[in-house]
Each structure stands twice: as structure tokens, then as C-alpha cells.
$ cat work08.txt   # compact mmCIF, C-alpha atoms
# COMPACT_ATOMS: atom_id res chain seq x y z
CA MET A 183 95.41 168.03 51.64
CA LEU A 184 96.27 165.45 54.29
CA ASP A 185 99.86 166.69 54.17
CA ASN A 186 98.71 170.02 55.60
CA LEU A 187 97.29 168.49 58.77
CA PRO A 188 99.30 168.77 62.00
CA LEU A 189 101.93 166.05 62.29
CA GLU A 190 100.24 164.53 65.35
CA ILE A 191 97.05 163.99 63.34
CA GLN A 192 98.98 162.49 60.41
CA VAL A 193 100.62 160.00 62.76
CA ARG A 194 97.26 159.16 64.30
CA LEU A 195 95.76 158.55 60.85
CA LEU A 196 98.63 156.24 59.92
CA LYS A 197 98.05 154.15 63.03
CA LEU A 198 94.26 154.07 62.63
CA CYS A 199 94.30 153.05 58.97
CA PRO A 200 94.14 149.24 58.58
CA THR A 201 97.60 147.81 57.80
CA SER A 202 98.80 151.43 57.66
CA SER A 203 97.81 151.57 53.98
CA LEU A 204 97.92 155.37 54.09
CA LYS A 205 101.67 155.03 53.52
CA TYR A 206 100.94 154.23 49.87
CA VAL A 207 99.22 157.58 49.24
CA ASN A 208 102.41 159.51 48.56
CA SER A 209 106.11 159.67 49.45
CA HIS A 210 105.46 161.97 52.41
CA PHE A 211 103.43 159.35 54.25
CA TYR A 212 105.80 156.58 53.16
CA PHE A 213 108.74 158.47 54.71
CA LEU A 214 106.72 159.23 57.83
CA TYR A 215 105.73 155.58 58.18
CA ASN A 216 109.39 154.53 57.97
CA ASP A 217 110.46 157.16 60.52
CA LEU A 218 107.77 156.03 62.96
CA TYR A 219 109.43 152.62 63.11
CA TYR A 220 112.68 154.32 64.10
CA ASP A 221 110.79 156.02 66.93
CA LYS A 222 109.24 152.70 67.90
CA LEU A 223 112.65 151.00 67.87
CA ILE A 224 114.06 153.59 70.29
CA ARG A 225 110.93 153.54 72.46
CA VAL A 226 110.90 149.74 72.80
CA PHE A 227 114.64 148.93 72.95
CA GLY A 228 116.19 152.16 74.21
CA GLU A 229 118.65 154.55 72.61
CA ASP A 230 121.56 152.15 73.09
CA VAL A 231 120.07 149.87 70.45
CA ILE A 232 121.85 152.10 67.93
CA ASP A 233 125.21 151.00 69.40
CA ILE A 234 124.16 147.38 68.93
CA ILE A 235 123.12 148.05 65.31
CA ALA A 236 126.53 149.63 64.64
CA LYS A 237 128.27 146.48 65.90
CA VAL A 238 126.20 144.07 63.79
CA TYR A 239 125.93 146.33 60.73
CA PRO A 240 127.89 144.08 58.30
CA TRP A 241 125.49 141.18 58.90
CA LEU A 242 122.43 143.44 59.12
CA ARG A 243 123.39 145.06 55.82
CA THR A 244 123.73 141.68 54.10
CA TYR A 245 120.28 140.55 55.22
CA ILE A 246 118.53 143.84 54.36
CA LYS A 247 120.32 143.81 50.98
CA MET A 248 118.94 140.33 50.40
CA LEU A 249 115.40 141.69 50.81
CA ASP A 250 115.92 143.75 47.64
CA ALA A 251 114.73 140.62 45.88
CA PHE A 252 111.18 141.88 46.55
CA ARG A 253 111.48 145.44 47.90
CA GLN A 254 114.35 147.17 46.12
CA ARG A 255 112.29 149.94 44.54
CA SER A 256 110.45 150.83 47.74
CA ARG A 257 113.73 150.94 49.67
CA GLU A 258 115.43 153.07 47.03
CA VAL A 259 112.60 155.61 47.23
CA ILE A 260 114.05 156.56 50.62
CA SER A 261 117.77 155.92 50.07
CA THR A 262 117.87 157.91 46.82
CA ARG A 263 115.90 160.87 48.13
CA LEU A 264 117.98 161.08 51.33
CA LYS A 265 121.26 160.28 49.53
CA LEU A 266 122.17 157.62 52.08
CA TYR A 267 125.70 156.23 52.17
CA ASP A 268 126.51 152.54 51.90
CA TYR A 269 129.18 151.63 54.48
CA LYS A 270 129.97 148.32 52.82
CA GLY A 271 133.24 146.90 54.08
CA LYS A 272 133.86 149.68 56.59
CA SER A 273 134.69 148.71 60.16
CA GLY A 274 134.15 150.76 63.31
CA ILE A 275 130.99 152.55 62.20
CA SER A 276 129.84 155.10 64.76
CA PRO A 277 126.23 155.38 65.99
CA SER A 278 125.95 158.80 64.33
CA GLU A 279 126.88 157.23 61.00
CA ILE A 280 124.68 154.17 61.37
CA ILE A 281 121.41 156.10 61.66
CA HIS A 282 122.12 157.59 58.22
CA ALA A 283 123.41 154.40 56.63
CA MET A 284 121.88 152.76 53.59
CA TYR A 285 120.09 149.50 54.45
CA VAL A 286 119.30 150.93 57.90
CA LYS A 287 117.63 154.32 57.62
CA ASP A 288 115.66 153.17 54.56
CA SER A 289 114.48 149.97 56.30
CA TRP A 290 113.51 150.80 59.90
CA ARG A 291 110.46 148.52 59.81
CA TYR A 292 112.59 145.50 58.93
CA VAL A 293 115.30 146.46 61.44
CA TYR A 294 112.65 146.65 64.16
CA SER A 295 111.27 143.24 63.25
CA LEU A 296 114.74 141.68 63.47
CA PHE A 297 115.17 142.94 67.03
CA LYS A 298 111.60 142.23 68.15
CA ASN A 299 111.69 138.60 66.95
CA LYS A 300 114.37 135.99 67.62
CA ARG A 301 115.14 132.91 65.56
CA LEU A 302 117.50 130.50 67.29
CA PHE A 303 119.18 128.34 64.68
CA ALA A 304 120.90 125.07 65.53
CA GLU A 305 124.29 125.61 67.18
CA TYR A 306 126.52 122.79 68.34
CA SER A 307 127.33 124.52 71.65
CA ASP A 308 123.64 124.87 72.58
CA TYR A 309 122.59 121.20 72.30
CA LYS A 310 123.44 118.17 74.41
CA ILE A 311 122.57 114.88 72.72
CA ASP A 312 123.83 111.32 72.57
CA GLU A 313 126.66 110.88 70.12
CA PRO A 314 127.68 109.47 67.65
CA THR A 315 124.18 108.37 66.63
CA ASN A 316 123.01 112.00 66.59
CA TYR A 317 124.49 114.85 64.65
CA VAL A 318 124.56 118.63 64.76
CA PHE A 319 125.02 119.65 61.16
CA ASN A 320 125.89 123.16 60.04
CA HIS A 321 122.24 124.07 59.77
CA TYR A 322 120.12 121.62 61.79
CA VAL A 323 120.14 118.97 64.50
CA GLU A 324 119.45 115.34 63.59
CA ILE A 325 117.90 113.30 66.42
CA ASN A 326 118.34 109.56 65.95
CA ARG A 327 117.78 107.11 68.84
CA SER A 328 118.66 109.44 71.70
CA TYR A 329 117.68 109.42 75.37
CA LEU A 330 119.47 112.70 75.99
CA LEU A 331 118.13 115.93 74.54
CA SER A 332 118.91 119.26 76.16
CA TYR A 333 119.04 122.79 74.78
CA ASN A 334 119.87 126.03 76.56
CA LYS A 335 120.07 129.60 75.24
CA ALA A 336 120.06 133.10 76.74
CA VAL A 337 118.07 135.69 74.78
CA TRP A 338 117.18 139.35 75.31
CA LEU A 339 113.59 140.41 74.65
CA ALA A 340 111.57 143.58 75.07
CA PRO A 341 108.50 143.37 77.33
CA GLY A 342 105.42 142.11 75.51
CA THR A 343 103.62 139.01 74.25
CA TYR A 344 105.36 136.42 72.09
CA ASN A 345 104.76 133.09 70.39
CA LEU A 346 107.16 130.21 71.01
CA ASN A 347 107.49 128.09 67.86
CA ILE A 348 109.71 125.36 66.50
CA GLY A 349 110.65 124.50 62.92
CA LEU A 350 111.29 120.81 62.39
CA VAL A 351 110.98 117.82 60.06
CA ILE A 352 109.56 114.52 61.30
CA LYS A 353 110.54 111.28 59.60
CA SER A 354 109.24 108.71 62.08
CA GLY A 355 109.37 110.96 65.12
CA ARG A 356 109.12 109.47 68.58
CA GLY A 357 109.49 111.10 71.98
CA LEU A 358 108.64 114.69 71.11
CA GLY A 359 105.57 114.57 73.33
CA THR A 360 107.74 114.31 76.46
CA THR A 361 109.80 117.40 75.70
CA LYS A 362 109.52 120.41 78.02
CA PHE A 363 110.19 124.04 77.12
CA ASP A 364 111.03 126.44 79.97
CA LEU A 365 111.39 130.21 79.86
CA LYS A 366 112.87 131.86 82.96
CA TYR A 367 113.42 135.51 83.80
CA THR A 368 113.39 137.89 86.78
CA ASN A 369 110.53 140.39 86.94
CA GLU A 370 110.53 143.92 88.35
CA GLU A 371 109.85 142.58 91.89
CA GLY A 372 112.92 140.37 91.76
CA GLU A 373 110.87 137.16 91.46
CA VAL A 374 112.02 134.39 89.13
CA ILE A 375 109.22 133.76 86.65
CA THR A 376 109.11 130.37 84.92
CA GLN A 377 106.75 129.64 82.06
CA THR A 378 106.56 126.02 80.93
CA PHE A 379 105.19 124.60 77.68
CA TYR A 380 104.66 121.11 76.35
CA PRO A 381 103.98 120.01 72.78
CA PRO A 382 100.77 117.99 72.28
CA THR A 383 101.27 114.49 73.67
CA ASN A 384 100.05 113.06 70.36
CA ILE A 385 102.32 115.29 68.31
CA ASN A 386 103.62 112.32 66.35
CA GLU A 387 100.09 111.66 65.11
CA ILE A 388 99.28 115.32 64.45
CA LEU A 389 102.27 116.43 62.39
CA PRO A 390 102.68 115.14 58.81
CA LYS A 391 105.72 113.00 58.06
CA ARG A 392 108.61 114.02 55.84
CA GLN A 393 107.49 117.63 55.62
CA PHE A 394 108.79 120.83 57.14
CA CYS A 395 106.48 121.90 59.98
CA PHE A 396 106.33 125.21 61.80
CA LEU A 397 104.60 124.37 65.08
CA LYS A 398 103.36 126.80 67.71
CA ILE A 399 104.38 125.52 71.14
CA GLY A 400 102.76 128.23 73.21
CA GLU A 401 102.32 131.91 73.97
CA PHE A 402 104.15 133.77 76.72
CA HIS A 403 104.42 137.26 78.16
CA VAL A 404 107.57 139.14 79.18
CA ARG A 405 107.20 141.77 81.90
CA GLU A 406 109.38 144.78 82.66
CA PRO A 407 112.95 144.00 83.81
CA MET A 408 114.05 144.45 87.38
CA HIS A 409 115.65 147.83 88.16
CA CYS A 410 118.85 147.23 90.08
CA LYS A 411 120.51 150.18 91.82
CA GLY A 412 124.22 150.28 91.30
CA ASP A 413 124.05 148.11 88.17
CA GLU A 414 126.47 149.93 85.88
CA GLY A 415 125.11 148.27 82.79
CA PHE A 416 121.42 148.70 83.52
CA SER A 417 121.14 151.81 81.35
CA ARG A 418 122.32 149.75 78.39
CA HIS A 419 119.63 147.11 78.70
CA GLY A 420 117.06 148.79 80.91
CA LYS A 421 114.21 148.16 78.50
CA LEU A 422 115.15 144.53 77.79
CA GLN A 423 114.62 141.36 79.77
CA LYS A 424 117.11 138.51 79.78
CA LEU A 425 115.46 135.11 79.42
CA GLU A 426 116.85 131.62 79.67
CA LEU A 427 115.25 129.23 77.20
CA THR A 428 115.57 125.53 78.00
CA MET A 429 114.34 122.52 76.06
CA GLU A 430 114.81 119.15 77.70
CA GLU A 431 113.54 115.59 77.89
CA ILE A 432 111.37 114.92 80.96
CA GLY A 433 110.72 111.21 80.44
CA LEU A 434 112.66 108.06 79.77
CA TYR A 435 111.34 107.65 76.24
CA LEU A 436 113.60 107.17 73.26
CA LYS A 437 113.69 110.10 70.86
CA SER A 438 114.24 109.34 67.21
CA GLY A 439 113.44 110.31 63.65
CA PHE A 440 113.27 114.10 63.51
CA ARG A 441 115.32 117.16 62.65
CA ILE A 442 115.25 120.50 64.47
CA PHE A 443 115.93 123.48 62.21
CA PHE A 444 115.34 126.31 64.66
CA ILE A 445 113.38 127.57 67.65
CA ASP A 446 111.45 130.73 66.87
CA ILE A 447 110.33 133.53 69.20
CA SER A 448 108.03 135.91 67.35
CA GLN A 449 105.51 138.69 67.76
CA PRO A 450 101.84 137.68 67.73
CA SER A 451 100.54 137.24 64.20
CA MET A 452 97.12 137.17 62.61
CA LEU A 453 97.56 133.58 61.46
CA PHE A 454 98.64 132.02 64.76
CA ASN A 455 96.84 134.27 67.22
CA ASP A 456 93.69 135.56 65.53
CA TYR A 457 92.96 132.30 63.68
CA ASP A 458 94.47 129.94 66.28
CA LEU A 459 96.73 128.09 63.87
CA LEU A 460 98.48 125.02 65.31
CA TYR A 461 101.07 124.61 62.54
CA TYR A 462 101.73 125.01 58.86
CA SER A 463 103.69 122.56 56.73
CA CYS A 464 105.49 122.43 53.39
CA GLN A 465 106.15 119.32 51.32
CA GLU A 466 109.89 119.81 51.39
CA THR A 467 112.62 118.80 53.86
CA ASN A 468 115.79 120.38 52.47
CA TYR A 469 117.13 123.00 54.88
CA LYS A 470 117.98 125.47 52.10
CA TYR A 471 114.29 126.31 51.64
CA PHE A 472 113.78 127.23 55.31
CA ILE A 473 117.10 128.40 56.77
CA ASN A 474 118.04 131.85 55.57
CA LEU A 475 121.83 131.99 55.90
CA PRO A 476 122.19 135.81 56.11
CA LEU A 477 119.44 135.81 58.76
CA LYS A 478 121.24 133.06 60.65
CA ASN A 479 124.49 135.05 60.54
CA PHE A 480 122.74 138.19 61.76
CA TYR A 481 121.20 136.48 64.79
CA LYS A 482 124.51 134.79 65.58
CA ALA A 483 126.19 138.21 65.63
CA LEU A 484 123.34 139.85 67.57
CA ASN A 485 123.24 137.15 70.26
CA HIS A 486 127.01 137.35 70.69
CA VAL A 487 126.92 141.13 71.09
CA GLN A 488 123.96 141.13 73.50
CA ASN A 489 125.22 138.26 75.65
CA GLY A 490 128.77 139.57 75.83
CA ALA A 491 131.71 137.19 76.19
CA HIS A 492 131.10 133.46 76.48
CA ASP A 493 131.73 133.48 80.22
CA ALA A 494 129.71 136.65 80.86
CA ILE A 495 126.82 136.04 83.21
CA GLU A 496 126.21 139.46 84.75
CA LYS A 497 123.88 142.06 83.26
CA ARG A 498 126.58 144.70 82.99
CA ASP A 499 128.16 142.64 80.22
CA TYR A 500 125.20 143.28 77.94
CA GLY A 501 126.28 144.65 74.58
CA THR A 502 130.01 144.09 75.09
CA GLY A 503 130.46 141.17 72.70
CA ASP A 504 132.46 141.63 69.51
CA PRO A 505 131.21 139.63 66.48
CA ASN A 506 134.73 139.66 65.03
CA ASP A 507 135.72 137.26 67.81
CA ILE A 508 133.59 134.57 66.16
CA ILE A 509 134.19 135.60 62.55
CA ASP A 510 135.15 132.04 61.60
CA GLN A 511 131.75 130.71 62.78
CA PHE A 512 129.61 132.54 60.22
CA ASP A 513 128.15 130.72 57.20
CA ASN A 514 129.37 132.66 54.18
CA ILE A 515 129.05 129.90 51.59
CA PHE A 516 125.70 129.73 49.83
CA PRO A 517 124.26 126.35 48.83
CA ASP A 518 124.39 124.84 45.36
CA ASP A 519 124.95 127.39 42.60
CA PHE A 520 125.20 130.43 44.87
CA GLN A 521 128.69 129.93 46.28
CA SER A 522 130.87 133.01 46.45
CA THR A 523 134.45 132.71 45.21
CA SER A 524 135.56 136.33 45.55
CA GLU A 525 134.60 139.52 47.29
CA GLU A 526 133.51 141.08 44.00
CA SER A 527 131.06 138.28 43.26
CA PHE A 528 129.61 137.97 46.77
CA GLU A 529 126.69 140.37 46.31
CA GLU A 530 125.87 138.96 42.90
CA ASN A 531 125.69 135.50 44.44
CA LEU A 532 123.75 136.93 47.39
CA MET A 533 121.02 138.26 45.09
CA GLY A 534 120.92 134.99 43.19
CA TYR A 535 120.43 133.18 46.48
CA ALA A 536 117.80 135.76 47.51
CA LYS A 537 115.78 135.21 44.34
CA PHE A 538 115.87 131.48 44.95
CA TYR A 539 114.93 131.77 48.62
CA PHE A 540 112.04 134.22 48.24
CA HIS A 541 110.62 133.18 44.88
CA ASN A 542 110.43 129.36 44.89
CA ASN A 543 106.64 129.54 44.67
CA PHE A 544 106.11 125.81 44.21
CA ASN A 545 106.65 125.27 47.92
CA ARG A 546 103.07 125.90 49.08
CA ARG A 547 101.91 125.78 52.66
CA SER A 548 99.20 123.65 54.23
CA TYR A 549 97.50 124.82 57.42
CA LYS A 550 96.26 122.99 60.48
CA PHE A 551 93.96 124.97 62.77
CA ASN A 552 93.09 124.06 66.34
CA THR A 553 89.35 124.26 65.64
CA ILE A 554 87.09 123.75 62.66
CA TYR A 555 85.49 127.10 63.39
CA GLN A 556 88.79 128.96 62.95
CA ARG A 557 89.49 127.06 59.74
CA ARG A 558 86.12 128.10 58.34
CA GLN A 559 86.73 131.70 59.35
CA PHE A 560 90.08 131.66 57.55
CA VAL A 561 88.68 130.04 54.39
CA ASN A 562 85.73 132.44 54.28
CA ARG A 563 88.10 135.40 54.36
CA PHE A 564 91.03 134.25 52.24
CA GLY A 565 89.86 131.25 50.19
CA ASP A 566 90.35 127.49 50.32
CA TYR A 567 94.04 126.61 50.54
CA GLU A 568 93.24 122.89 50.22
CA LEU A 569 92.01 123.39 46.66
CA ASP A 570 95.39 124.94 45.83
CA ASP A 571 97.14 121.86 47.22
CA ARG A 572 95.08 119.54 45.01
CA ASP A 573 95.94 121.38 41.79
CA ASN A 574 98.68 119.63 39.84
CA GLU A 575 99.29 122.59 37.56
CA ALA A 576 100.48 126.02 38.65
CA GLN A 577 97.73 128.62 38.46
CA LYS A 578 96.53 131.65 40.34
CA PRO A 579 96.06 130.55 43.98
CA ARG A 580 92.52 130.47 45.33
CA CYS A 581 93.82 131.36 48.79
CA SER A 582 94.75 135.03 48.89
CA TYR A 583 96.58 134.92 52.21
CA ASP A 584 100.27 135.65 51.63
CA ALA A 585 99.79 135.35 47.88
CA ARG A 586 103.45 136.24 47.23
CA GLY A 587 104.67 133.63 49.72
CA LEU A 588 106.82 136.09 51.66
CA LYS A 589 105.34 136.32 55.16
CA TRP A 590 106.62 132.95 56.34
CA ARG A 591 110.09 133.60 54.91
CA ILE A 592 110.83 136.72 56.98
CA PRO A 593 110.40 137.64 60.68
CA ILE A 594 106.94 138.89 61.63
CA LEU A 595 106.75 142.58 60.68
CA GLY A 596 103.73 143.68 62.69
CA GLU A 597 102.20 147.14 62.47
CA LEU A 598 102.55 150.46 64.24
$ encode --input "work08.txt" --output "C-alpha cells"
Amino acid sequence: MLDNLPLEIQVRLLKLCPTSSLKYVNSHFYFLYNDLYYDKLIRVFGEDVIDIIAKVYPWLRTYIKMLDAFRQRSREVISTRLKLYDYKGKSGISPSEIIHAMYVKDSWRYVYSLFKNKRLFAEYSDYKIDEPTNYVFNHYVEINRSYLLSYNKAVWLAPGTYNLNIGLVIKSGRGLGTTKFDLKYTNEEGEVITQTFYPPTNINEILPKRQFCFLKIGEFHVREPMHCKGDEGFSRHGKLQKLELTMEEIGLYLKSGFRIFFIDISQPSMLFNDYDLLYYSCQETNYKYFINLPLKNFYKALNHVQNGAHDAIEKRDYGTGDPNDIIDQFDNIFPDDFQSTSEESFEENLMGYAKFYFHNNFNRRSYKFNTIYQRRQFVNRFGDYELDDRDNEAQKPRCSYDARGLKWRIPILGEL
């Protein structure tokens, strides 16, 4: 009966229903829910986002394919019904082809989340540190007795509110409390806006040692970009704002004993914004549990396309980068037993890696809230996560939040 309502009312019902659960009623609402994310993608990022998707499709396809480890059937509901085509291995895909491609048209919600969030993985060219006592490995930065620590990255974001987070491991960390994070951009009036954040000065006492920690640094807001007359490239990025992210040492203190895995820019989430979470931690330090290699490759390709050539500084160069220029910089070798030796075995190894990455359920999270009140609110709603941590044997978790352990392994999805 709901199917017979005018489309405008159906859309309104989808948005009013908590967590859009109406999409589970039947395939009609599931298709409509997926299509609404396409509309949202165009509305937020502009029509030229399709050109960007076409350029990064090989890396986007690999990541979306990886998500089949937990959503294959739901994705195939759309791809099978619409008879979508898989452009695997094809180069030069046109925008008209990409909007009907498998792993794109059947996954608009996940495509939107990839563009709305940004995860900045460790890159050698982005960091300035003392050497040789410090190292930039393939997947993280090791800080060991350094007075110099500087990081700079240009990113493109849609207007809105974001969380600034960092994923790191502290061994005997010192000096993090004197690190400054700056975000600079030009607003619609032509004014340079700078937002500055500092970690807690007692961060070394707050964060647990020898565990992966995902720490919220702060919350910031991006306003509409400046409209420049005569800017030939403005139409290509008119809905996006270019920001310069800088992390640097502001004191003379020695920094030592920690690893930086990535800096994360994400949409507001229930956990960090509604319940005022400071950080969550996992009792594991190996990068392979926290750095998703297909996701890292996708963001490397996306950043290169959006920022243009390495020496491009003007806005008209947005979207002109070619990922094939940096093809040798992508990480195509999976860790441990998931290494690919041939093109035929790559996807088999990819799915083996995906099952490992998304289903290692032993790696439970512990939460640290800013206030006792917020912790009590969380426990009253979802259950006591600390009781789960004390159990030596695997059993059904008492804490129902993210029971499948997927939310922290993928970019924030958000809702309509």
C-alpha cells in the first residue's frame, strides 16, 4: 500500500523513519533508498563528481568489492535486477558508463560516504621529521626521539560539520600534548578562516599504552566556498572547499614513542558527537588490523585527482590529476597469506583479505567518554562494554552497539 503513495511522500517517509529502516520493507524502498544517495551525492558534490568517480573507478571498484564480505547479497539485489555491467580492467570509462557500473550504481550510499569522509594515511611526502631515528614505513609513521614533526596536506571537503580524529599507537609517548592542528580555507567573503585544535595536554596519561587508539581532536565546520568570477575551474569544484591541514610541533619538547597510522576527517557520528566520546582503543598494534589497503589506495587516487598535478596550486587544476601517473605508489600486495601473485588470483586474495579485515571479532573496542554522564547514557542504551572486556571466553557481547564490529572499520555512513 505504501508503494501507491506519491513519490514525494515515500521519500519523506524514508527520511522520517529512524535509521531509514523502511528500506527493509521491500525491494522498491530499498532501490529508492539507494537512489536517494545518488541524488544526495550530486546535490552535495555537484554533477562533476561523476567525472571524478570515472577516474578513480579501478580503486573504487576494488574497495566496494571488498565490502562484499558483509553485504554481497544486498548489493546483488540491485546489480542483478538492473543487470549492471562490471567494467573490471577497462580504462577510459565515460561518465555515462560509470553511473550504470556495477559496484557504483548498486552502492551509492558507500560511494557517498567515501567522498564525504577523508582518511589521510601516512605518506612520506607529507611528513617532515628528524631522520634517521624516525621512519615513515609503508603504512605508518614511527616517531622516535624527534624535535621536528610537521605534516601538511590539501583536502577538498563539502560544506558541513566534521570531526578531526587521529589513529595512533602510543608506546611511551612524549610530546603529543604540544602538537597543533590547523585547518585553513577561504570562505565566501574571501576571508582566510583558520581553525586550530590541540590534543589534551595530559594526553600521555589519558591514552592507554601499546594499544591502537582512535582519538577525537576536535570538531570543525566548513562554510561555502568563495565564488570567483573568471575562475575557469570553479564550475568543477563550486560545491567543494579546499582546506589545508597542518600538524606541527609548537614547543621545544622531545617527541618519542608513538606511531601515527592516519588522520581522519569524518562526518559527525552518534558515538563521538551524541555521546561525547573522547577515544576508543583496541588491544592490538599491528597496522594490518586498522589500515585498509584498498581504502588507502582509493584515497591516494582521489586526492591525486582532486589536487591535480603535484605543482598545481590554483583552483582551476581541480580534478585534472591522473592516478595512472602514480601507479607505482599504490599498495597492491596484501599482508601475510593474502598476497596476490597473478591477475587471476587477485580478487580471490582480495576477498580472503576482506574476510580477515572485517571479521576478526576478537579485537574488541574499549571506550573512553569525556563525562561519566555520557558513559552512563551509553551503557543504559547499549549495555556494559566493560563486562565484555573482562570475559576471557568468547560469548554473545553484552554491549549491542556495533555488534558485528563493522562501524569502526568503514567510513561513517550517516543517514539521509
$ residues_around --input "work08.txt" --residues "region 370-374 of chain A" --least-positions-apart "5" --cutoff "9 Å" --atoms "only C-alpha atoms" --output "PDB file with C-alpha atoms, in the coordinates of the input"
ATOM      1  CA  ARG A 405     107.200 141.770  81.900  1.00  0.00           C
ATOM      2  CA  GLU A 406     109.380 144.780  82.660  1.00  0.00           C
ATOM      3  CA  PRO A 407     112.950 144.000  83.810  1.00  0.00           C
ATOM      4  CA  MET A 408     114.050 144.450  87.380  1.00  0.00           C
ATOM      5  CA  HIS A 409     115.650 147.830  88.160  1.00  0.00           C
TER       6      HIS A 409
END
$ closest_residue --input "work08.txt" --among "A:Ser273, A:Asn216, A:Gln556, A:Asn186" --to "Asp504 (chain A)" --atoms "all atoms listed in the file"
A:Ser273
$ residues_around --input "work08.txt" --residues "region 262-270 of chain A" --least-positions-apart "5" --cutoff "7 Å" --atoms "only C-alpha atoms" --output "JSON, numbers by chain"
{"A": [282, 283, 284]}
$ closest_residue --input "work08.txt" --among "A:Arg441, A:Lys247, A:Lys300, A:His541" --to "Cys395 (chain A)" --atoms "all atoms listed in the file"
A:Arg441
$ residues_near_point --input "work08.txt" --point "(106.4, 121.0, 76.6)" --cutoff "10 Å" --atoms "all atoms listed in the file" --output "PDB file with C-alpha atoms, in the frame of the given file"
ATOM      1  CA  LEU A 358     108.640 114.690  71.110  1.00  0.00           C
ATOM      2  CA  GLY A 359     105.570 114.570  73.330  1.00  0.00           C
ATOM      3  CA  THR A 360     107.740 114.310  76.460  1.00  0.00           C
ATOM      4  CA  THR A 361     109.800 117.400  75.700  1.00  0.00           C
ATOM      5  CA  LYS A 362     109.520 120.410  78.020  1.00  0.00           C
ATOM      6  CA  PHE A 363     110.190 124.040  77.120  1.00  0.00           C
ATOM      7  CA  ASP A 364     111.030 126.440  79.970  1.00  0.00           C
ATOM      8  CA  THR A 378     106.560 126.020  80.930  1.00  0.00           C
ATOM      9  CA  PHE A 379     105.190 124.600  77.680  1.00  0.00           C
ATOM     10  CA  TYR A 380     104.660 121.110  76.350  1.00  0.00           C
ATOM     11  CA  PRO A 381     103.980 120.010  72.780  1.00  0.00           C
ATOM     12  CA  PRO A 382     100.770 117.990  72.280  1.00  0.00           C
ATOM     13  CA  THR A 383     101.270 114.490  73.670  1.00  0.00           C
ATOM     14  CA  ILE A 399     104.380 125.520  71.140  1.00  0.00           C
ATOM     15  CA  GLY A 400     102.760 128.230  73.210  1.00  0.00           C
ATOM     16  CA  MET A 429     114.340 122.520  76.060  1.00  0.00           C
ATOM     17  CA  GLU A 430     114.810 119.150  77.700  1.00  0.00           C
ATOM     18  CA  GLU A 431     113.540 115.590  77.890  1.00  0.00           C
ATOM     19  CA  ILE A 432     111.370 114.920  80.960  1.00  0.00           C
TER      20      ILE A 432
END
$ atom_distance --input "work08.txt" --atom1 "CA of Leu350 (chain A)" --atom2 "CA of Phe396 (chain A)"
6.7 Å
$ closest_residue --input "work08.txt" --among "A:Ile554, A:Ile235, A:Ile281, A:Leu569" --to "Tyr457 (chain A)" --atoms "all atoms listed in the file"
A:Ile554
$ closest_residue --input "work08.txt" --among "A:Thr376, A:Ser548, A:Ile325, A:Arg557" --to "Lys310 (chain A)" --atoms "only C-alpha atoms"
A:Ile325
$ residues_near_point --input "work08.txt" --point "(113.1, 110.0, 76.5)" --cutoff "7 Å" --atoms "only C-alpha atoms" --output "count of residues only"
11
$ decode --input "work08.txt" --residues "region 451-467 of chain A" --atoms "N, CA and C atoms" --output "PDB file, in the first residue's frame"
ATOM      1  N   SER A 451      29.160  11.569  14.148  1.00  0.00           N
ATOM      2  CA  SER A 451      28.626  10.234  14.421  1.00  0.00           C
ATOM      3  C   SER A 451      27.942  10.222  15.775  1.00  0.00           C
ATOM      4  N   MET A 452      27.073   9.259  15.971  1.00  0.00           N
ATOM      5  CA  MET A 452      26.365   9.137  17.231  1.00  0.00           C
ATOM      6  C   MET A 452      27.345   8.936  18.386  1.00  0.00           C
ATOM      7  N   LEU A 453      28.357   8.115  18.158  1.00  0.00           N
ATOM      8  CA  LEU A 453      29.281   7.767  19.236  1.00  0.00           C
ATOM      9  C   LEU A 453      30.091   8.970  19.692  1.00  0.00           C
ATOM     10  N   PHE A 454      30.676   9.701  18.758  1.00  0.00           N
ATOM     11  CA  PHE A 454      31.567  10.801  19.124  1.00  0.00           C
ATOM     12  C   PHE A 454      30.832  12.104  19.392  1.00  0.00           C
ATOM     13  N   ASN A 455      29.694  12.312  18.760  1.00  0.00           N
ATOM     14  CA  ASN A 455      29.013  13.595  18.906  1.00  0.00           C
ATOM     15  C   ASN A 455      27.827  13.553  19.855  1.00  0.00           C
ATOM     16  N   ASP A 456      27.004  12.528  19.762  1.00  0.00           N
ATOM     17  CA  ASP A 456      25.862  12.428  20.665  1.00  0.00           C
ATOM     18  C   ASP A 456      26.271  11.973  22.059  1.00  0.00           C
ATOM     19  N   TYR A 457      27.265  11.075  22.124  1.00  0.00           N
ATOM     20  CA  TYR A 457      27.699  10.546  23.425  1.00  0.00           C
ATOM     21  C   TYR A 457      29.052  11.106  23.865  1.00  0.00           C
ATOM     22  N   ASP A 458      29.581  12.065  23.133  1.00  0.00           N
ATOM     23  CA  ASP A 458      30.789  12.794  23.541  1.00  0.00           C
ATOM     24  C   ASP A 458      31.943  11.849  23.871  1.00  0.00           C
ATOM     25  N   LEU A 459      32.210  10.927  22.949  1.00  0.00           N
ATOM     26  CA  LEU A 459      33.324  10.003  23.148  1.00  0.00           C
ATOM     27  C   LEU A 459      34.648  10.726  22.923  1.00  0.00           C
ATOM     28  N   LEU A 460      35.635  10.468  23.785  1.00  0.00           N
ATOM     29  CA  LEU A 460      36.968  11.035  23.614  1.00  0.00           C
ATOM     30  C   LEU A 460      37.802  10.162  22.683  1.00  0.00           C
ATOM     31  N   TYR A 461      37.799   8.858  22.939  1.00  0.00           N
ATOM     32  CA  TYR A 461      38.537   7.920  22.083  1.00  0.00           C
ATOM     33  C   TYR A 461      38.012   6.504  22.314  1.00  0.00           C
ATOM     34  N   TYR A 462      38.326   5.632  21.381  1.00  0.00           N
ATOM     35  CA  TYR A 462      38.179   4.200  21.618  1.00  0.00           C
ATOM     36  C   TYR A 462      39.519   3.540  21.341  1.00  0.00           C
ATOM     37  N   SER A 463      39.736   2.390  21.937  1.00  0.00           N
ATOM     38  CA  SER A 463      41.027   1.710  21.808  1.00  0.00           C
ATOM     39  C   SER A 463      40.820   0.219  21.591  1.00  0.00           C
ATOM     40  N   CYS A 464      41.814  -0.406  20.987  1.00  0.00           N
ATOM     41  CA  CYS A 464      41.827  -1.855  20.758  1.00  0.00           C
ATOM     42  C   CYS A 464      43.171  -2.401  21.229  1.00  0.00           C
ATOM     43  N   GLN A 465      43.151  -3.557  21.838  1.00  0.00           N
ATOM     44  CA  GLN A 465      44.383  -4.141  22.369  1.00  0.00           C
ATOM     45  C   GLN A 465      45.165  -4.844  21.268  1.00  0.00           C
ATOM     46  N   GLU A 466      45.570  -4.065  20.303  1.00  0.00           N
ATOM     47  CA  GLU A 466      46.334  -4.568  19.164  1.00  0.00           C
ATOM     48  C   GLU A 466      47.095  -3.385  18.575  1.00  0.00           C
ATOM     49  N   THR A 467      48.297  -3.643  18.047  1.00  0.00           N
ATOM     50  CA  THR A 467      49.116  -2.562  17.494  1.00  0.00           C
ATOM     51  C   THR A 467      49.535  -2.810  16.047  1.00  0.00           C
TER      52      THR A 467
END
